[in-house]
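**Q** Can you keep this structure in mind? I'll have questions shortly.
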Amino acid sequence: MTVSEPSKPTPPIPAPPAAPLPRKLTKPTAVTPAAAASPATSASSAEAAKWGRVAEDGTVEVREGDEWRVVGQYPDGTPDEALAYFVRKYEDIAFKVHTLEQRHQAGGASAGDLVKQAGHLLTEATDAAAVGDLAGLRERLNTLTSSLSEATAQEAQQAKELVDKAIAERTALVERAEAIAARDLSKVQWKQVTAELGELFDAWQAQQQNGPRLSKGLSQQLWKRFRDARGTVDKARRAFYSELDDTHKTARDAKTRLVERAEALAPRGVDGIPAYRSLLDEWKAAGRAGRKADDALWARFKAAGDALYSARAEQSAAEEADSAPKIEARQALLEEAKAVADEPNIKRARALLTGIQRQWDEIGRIFPREKERALDDRLRVIEQALKAREEVDWKKNNPETKARANDMSSQLLEAIEKLESELAAAEKSGDKKAAKAAADALEARRTWLNALGG
């Protein structure tokens, strides 16, 4: 410090708490003008005088009830400045008390928080190094605490209910996770199980971040159960996908070899199609190789087959072009074959059809096969119609059949002759019942005779 710089007096010295008078004071220290506040107004001074006094040596005391308590020293200022300094200390505390009361009146603040802050202020207002109605502040704080007691109890009950609810919800999450872990994990849909477990974990984190705080022991116990369930599922999932990778690799290797064999069939053209179909059966039995690998390998395998079937399509187109004259020839034969049905003589009809069949076969194969089958079906209708006529003619002209028919005709003629006599006798005698029976029997025998051609 230089000579030109003025010395800096020390600030006021607050008294230790709960110091009864009289007591031996410590040596006062000086206070700078800057440290002291502006003098109190006459009104403030009068109010301060109710609660505080200043001794000649700068000792400041506050009245609490009927007792005076030393709050500190202000040796380098006037009594008004000394009181003003310690009044401001009081006003700071009073402002905090007033703010706390306003928060309570406004509502929305936690009663527990307000009680906690009131307790801190009560401690601060007890034996405070300040001049003012400290007893009044403490009374206001006690009143506020009393008015908050019921709300605090309600909040405590609500907090307990929230904790109980959080425990129940978190326990439900644990039980759901354990239920998933208890399934037969060799038969589950892993995409679905992973999503379910992910939702449970997200819900757990949300409750942990936003829900009430649980006791450390219970929280750790629930988390251990949840973590163990997740661990069981994760272990099974890793084993599943490891095995699936091995299965995919086996299928991928097998299908790669099938692709190479299919591509090697290209030089054989149409003749390679049967072998390709066998390879297709092996492909279906090879299993899955994973979507990406399956798609790539199938594209190559299909391309090899498309090349073979393209060659067959070209061959079929050439054969169909060659078959056009043959189709016309067979259609012409079908027109000739219509005369078979119109020929009354069965032998001549058979000879006509036989000639047409011989020419039909000489024409040769037709492509596509569907057109050939359609033409064959039309000729087959004509053949069956002639065959049906031949069967009817054979039955009609068969000697044995004729002999049996002649014998039956003779019997029917005799029966008819007898029934005619019976009918005449019945009519003559007037026996209507016998006449009707004879007439019915006679009509039946004549019908049978007509059926035999008699």
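Going through the structure tokens in order, the chains are called A, B, and so on, while each chain numbers its residues from 1 and the ligands are numbered from 1 in the order shown.
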Find the spatial neighbours of Ala374 in chain A, counting only C-alpha atoms, within a cut-off of 12 Å - ignore same-chain residues fewer than 5 positions away - and output them as a PDB file with C-alpha atoms, in the first residue's frame.
**A**
```pdb
ATOM      1  CA  ILE A 327     -53.183 -78.543 -89.313  1.00  0.00           C
ATOM      2  CA  ARG A 330     -56.214 -82.587 -90.791  1.00  0.00           C
ATOM      3  CA  GLN A 331     -58.954 -79.978 -90.827  1.00  0.00           C
ATOM      4  CA  LEU A 334     -62.343 -83.731 -90.640  1.00  0.00           C
ATOM      5  CA  ILE A 366     -48.495 -81.315 -84.811  1.00  0.00           C
ATOM      6  CA  PHE A 367     -47.234 -78.575 -82.528  1.00  0.00           C
ATOM      7  CA  PRO A 368     -48.273 -77.164 -80.220  1.00  0.00           C
ATOM      8  CA  ARG A 369     -49.663 -80.302 -78.680  1.00  0.00           C
ATOM      9  CA  LEU A 379     -62.021 -87.100 -85.006  1.00  0.00           C
ATOM     10  CA  ARG A 380     -62.602 -89.239 -81.907  1.00  0.00           C
ATOM     11  CA  VAL A 381     -66.218 -88.026 -81.727  1.00  0.00           C
TER      12      VAL A 381
END
```
**Q** For Val131 in chain A, which residue among A:Asn450, A:Lys116, A:Ala48, A:Ile363 is the nearest when counting only C-alpha atoms?
**A**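 Of A:Asn450, A:Lys116, A:Ala48, A:Ile363, the one nearest Val131 in chain A, counting only C-alpha atoms, is A:Ala48.
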**Q** Given only C-alpha atoms as the basis, pick out the residue of A:Glu383, A:Leu214, A:Ala166, A:Gly231 nearest to Leu197 in chain A.
**A**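 Once distances to Leu197 in chain A are computed over only C-alpha atoms, the minimum belongs to A:Gly231.
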**Q** Within range 85-166 of chain A, find each residue whose DSSP state, derived from the backbone, is helix (DSSP H, G or I), and express the selection as number ranges by chain.
**A** A: 85-106, 111-125, 134-147, 149-166
**Q** Show which residues sit within 7 Å of range 264-274 of chain A, as a PyMOL selection string. Count only C-alpha atoms, and ignore same-chain residues fewer than 6 positions away.
**A** chain A and resi 304+307-309+311-312
**Q** Write the selection just made, keeping C-alpha atoms, as a PDB file, in the first residue's frame?
**A**
```pdb
ATOM      1  CA  ALA A 304     -30.165 -69.975 -66.317  1.00  0.00           C
ATOM      2  CA  ALA A 307     -32.214 -69.314 -71.172  1.00  0.00           C
ATOM      3  CA  LEU A 308     -33.297 -72.974 -71.476  1.00  0.00           C
ATOM      4  CA  TYR A 309     -36.993 -72.178 -71.714  1.00  0.00           C
ATOM      5  CA  ALA A 311     -34.586 -72.036 -76.421  1.00  0.00           C
ATOM      6  CA  ARG A 312     -37.643 -74.256 -76.067  1.00  0.00           C
TER       7      ARG A 312
END
```
**Q** Write out as a list of chain:residue names which residues come within 8 Å of range 251-259 of chain A when counting only C-alpha atoms, dropping same-chain ones fewer than 4 positions away.
**A**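 Using only C-alpha atoms, the neighbours found are A:Thr247, A:Glu263, A:Leu279, A:Glu282, A:Trp283, A:Ala286, A:Gly287, A:Arg288, A:Ala289, A:Ala293, A:Asp294, A:Leu297, A:Arg300, A:Phe301, A:Ala304.
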**Q** Can you tell me, as a count of residues only, what residues are no more than 10 Å from Val87 in chain A when counting only C-alpha atoms, ignoring any on the same chain fewer than 4 positions away?
**A** 19
**Q** Which distance in Å separates CA of Tyr90 in chain A and CA of Glu124 in chain A, to one decimal?
**A** 10.2 Å
**Q** Neighbours of Ala426 in chain A within 12 Å (only C-alpha atoms; same-chain residues fewer than 6 positions away dropped), as a list in words?
**A**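 Everything that qualifies: Leu419, Glu420, Lys432, Lys433, Ala434, Ala435, Lys436, Ala437, Ala438 and Ala439 of chain A.
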**Q** Just how far from CA of Glu414 in chain A is CA of Trp394 in chain A, in Å to one decimal?
**A**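 These two atoms are separated by 28.3 Å.
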**Q** Can you work out which one of A:His120, A:Lys191, A:Arg389, A:Arg170 has the shortest atom-to-atom distance to Lys96 in chain A, counting only C-alpha atoms?
**A**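 Residue with the minimum atom-to-atom distance to Lys96 in chain A: A:His120.
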**Q** Might you pull out every residue within 12 Å of Thr194 in chain A, with only C-alpha atoms counted and same-chain residues fewer than 4 positions away left off, and present them as JSON, numbers by chain?
**A** {"A": [177, 180, 181, 185, 188, 189, 190, 198, 199, 200, 201, 230, 233, 234, 236, 237, 238]}
**Q** Go ahead and save the picked residues with all heavy atoms, as a tab-separated table (two decimals), in the first residue's frame.
**A**
```tsv
chain	number	residue	atom	x	y	z
A	177	ALA	N	-41.55	-59.17	-18.48
A	177	ALA	CA	-40.24	-59.57	-19.02
A	177	ALA	C	-39.92	-61.01	-18.64
A	177	ALA	O	-39.41	-61.79	-19.45
A	177	ALA	CB	-39.16	-58.62	-18.52
A	180	ILE	N	-41.88	-63.41	-20.79
A	180	ILE	CA	-41.25	-63.59	-22.10
A	180	ILE	C	-40.08	-64.55	-22.00
A	180	ILE	O	-39.90	-65.45	-22.83
A	180	ILE	CB	-40.80	-62.23	-22.67
A	180	ILE	CG1	-42.01	-61.35	-22.97
A	180	ILE	CG2	-39.95	-62.42	-23.92
A	180	ILE	CD1	-41.65	-59.94	-23.41
A	181	ALA	N	-39.26	-64.37	-20.95
A	181	ALA	CA	-38.09	-65.24	-20.77
A	181	ALA	C	-38.49	-66.68	-20.49
A	181	ALA	O	-37.72	-67.61	-20.78
A	181	ALA	CB	-37.23	-64.70	-19.64
A	185	LEU	N	-38.29	-70.39	-26.07
A	185	LEU	CA	-37.64	-69.42	-26.95
A	185	LEU	C	-37.12	-70.04	-28.25
A	185	LEU	O	-36.64	-69.32	-29.11
A	185	LEU	CB	-36.48	-68.74	-26.21
A	185	LEU	CG	-36.91	-67.92	-24.97
A	185	LEU	CD1	-35.71	-67.35	-24.26
A	185	LEU	CD2	-37.87	-66.81	-25.37
A	188	VAL	N	-40.23	-69.00	-30.84
A	188	VAL	CA	-40.83	-67.66	-30.87
A	188	VAL	C	-40.45	-66.94	-32.15
A	188	VAL	O	-39.51	-67.32	-32.86
A	188	VAL	CB	-40.36	-66.82	-29.66
A	188	VAL	CG1	-40.79	-67.47	-28.37
A	188	VAL	CG2	-38.84	-66.62	-29.68
A	189	GLN	N	-41.22	-65.87	-32.46
A	189	GLN	CA	-40.88	-64.96	-33.53
A	189	GLN	C	-39.97	-63.88	-32.93
A	189	GLN	O	-40.43	-63.04	-32.15
A	189	GLN	CB	-42.14	-64.34	-34.13
A	189	GLN	CG	-43.04	-65.31	-34.85
A	189	GLN	CD	-42.44	-65.81	-36.15
A	189	GLN	OE1	-41.62	-65.13	-36.76
A	189	GLN	NE2	-42.83	-67.01	-36.56
A	190	TRP	N	-38.70	-63.91	-33.30
A	190	TRP	CA	-37.74	-63.05	-32.61
A	190	TRP	C	-37.97	-61.57	-32.88
A	190	TRP	O	-37.70	-60.73	-32.03
A	190	TRP	CB	-36.31	-63.45	-32.98
A	190	TRP	CG	-35.86	-64.61	-32.17
A	190	TRP	CD1	-35.65	-65.89	-32.59
A	190	TRP	CD2	-35.60	-64.62	-30.77
A	190	TRP	NE1	-35.28	-66.69	-31.54
A	190	TRP	CE2	-35.24	-65.94	-30.40
A	190	TRP	CE3	-35.66	-63.65	-29.77
A	190	TRP	CZ2	-34.92	-66.29	-29.11
A	190	TRP	CZ3	-35.34	-64.01	-28.48
A	190	TRP	CH2	-34.97	-65.31	-28.15
A	198	GLY	N	-38.19	-54.51	-26.09
A	198	GLY	CA	-37.76	-53.12	-26.26
A	198	GLY	C	-38.79	-52.15	-25.70
A	198	GLY	O	-38.41	-51.14	-25.06
A	199	GLU	N	-40.06	-52.43	-25.91
A	199	GLU	CA	-41.11	-51.57	-25.36
A	199	GLU	C	-41.09	-51.59	-23.83
A	199	GLU	O	-41.27	-50.55	-23.18
A	199	GLU	CB	-42.47	-52.04	-25.87
A	199	GLU	CG	-42.69	-51.79	-27.36
A	199	GLU	CD	-44.02	-52.36	-27.84
A	199	GLU	OE1	-44.73	-52.95	-26.99
A	199	GLU	OE2	-44.32	-52.23	-29.04
A	200	LEU	N	-40.86	-52.78	-23.25
A	200	LEU	CA	-40.79	-52.88	-21.79
A	200	LEU	C	-39.60	-52.09	-21.25
A	200	LEU	O	-39.72	-51.40	-20.22
A	200	LEU	CB	-40.67	-54.35	-21.37
A	200	LEU	CG	-41.89	-55.25	-21.65
A	200	LEU	CD1	-41.61	-56.67	-21.19
A	200	LEU	CD2	-43.13	-54.71	-20.97
A	201	PHE	N	-38.46	-52.16	-21.93
A	201	PHE	CA	-37.27	-51.43	-21.47
A	201	PHE	C	-37.49	-49.92	-21.58
A	201	PHE	O	-37.09	-49.16	-20.70
A	201	PHE	CB	-36.05	-51.86	-22.27
A	201	PHE	CG	-34.77	-51.21	-21.81
A	201	PHE	CD1	-34.24	-51.50	-20.57
A	201	PHE	CD2	-34.12	-50.30	-22.63
A	201	PHE	CE1	-33.08	-50.90	-20.14
A	201	PHE	CE2	-32.95	-49.69	-22.21
A	201	PHE	CZ	-32.42	-50.00	-20.95
A	230	ARG	N	-34.05	-60.07	-19.26
A	230	ARG	CA	-33.49	-59.60	-20.54
A	230	ARG	C	-32.28	-60.41	-20.94
A	230	ARG	O	-32.09	-60.75	-22.12
A	230	ARG	CB	-33.09	-58.13	-20.44
A	230	ARG	CG	-34.24	-57.14	-20.44
A	230	ARG	CD	-33.70	-55.73	-20.41
A	230	ARG	NE	-33.06	-55.37	-21.66
A	230	ARG	CZ	-32.13	-54.44	-21.78
A	230	ARG	NH1	-31.70	-53.79	-20.71
A	230	ARG	NH2	-31.62	-54.15	-22.96
A	233	VAL	N	-33.32	-63.76	-22.44
A	233	VAL	CA	-33.84	-63.60	-23.81
A	233	VAL	C	-32.70	-63.27	-24.77
A	233	VAL	O	-32.62	-63.82	-25.88
A	233	VAL	CB	-34.93	-62.52	-23.84
A	233	VAL	CG1	-35.40	-62.27	-25.28
A	233	VAL	CG2	-36.12	-62.92	-22.98
A	234	ASP	N	-31.82	-62.36	-24.36
A	234	ASP	CA	-30.70	-61.98	-25.24
A	234	ASP	C	-29.80	-63.17	-25.54
A	234	ASP	O	-29.33	-63.34	-26.67
A	234	ASP	CB	-29.89	-60.86	-24.60
A	234	ASP	CG	-30.63	-59.53	-24.60
A	234	ASP	OD1	-31.58	-59.40	-25.39
A	234	ASP	OD2	-30.26	-58.64	-23.82
A	236	ALA	N	-30.64	-66.37	-25.58
A	236	ALA	CA	-31.34	-67.25	-26.52
A	236	ALA	C	-31.38	-66.66	-27.92
A	236	ALA	O	-31.25	-67.38	-28.92
A	236	ALA	CB	-32.77	-67.51	-26.01
A	237	ARG	N	-31.55	-65.33	-28.01
A	237	ARG	CA	-31.59	-64.69	-29.33
A	237	ARG	C	-30.23	-64.81	-30.03
A	237	ARG	O	-30.17	-65.11	-31.22
A	237	ARG	CB	-32.00	-63.23	-29.20
A	237	ARG	CG	-32.07	-62.52	-30.55
A	237	ARG	CD	-32.65	-61.12	-30.46
A	237	ARG	NE	-31.86	-60.28	-29.58
A	237	ARG	CZ	-32.29	-59.74	-28.46
A	237	ARG	NH1	-33.54	-59.97	-28.07
A	237	ARG	NH2	-31.53	-58.98	-27.72
A	238	ARG	N	-29.15	-64.57	-29.26
A	238	ARG	CA	-27.83	-64.70	-29.88
A	238	ARG	C	-27.57	-66.13	-30.36
A	238	ARG	O	-27.01	-66.34	-31.44
A	238	ARG	CB	-26.76	-64.28	-28.86
A	238	ARG	CG	-26.70	-62.78	-28.61
A	238	ARG	CD	-25.44	-62.41	-27.85
A	238	ARG	NE	-25.38	-63.05	-26.53
A	238	ARG	CZ	-25.86	-62.51	-25.43
A	238	ARG	NH1	-26.47	-61.33	-25.48
A	238	ARG	NH2	-25.76	-63.12	-24.28
```
**Q** Please, what distance in Å, to one decimal, runs between CA of Arg213 in chain A and CA of Glu178 in chain A?
**A**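 The value is 23.1 Å.
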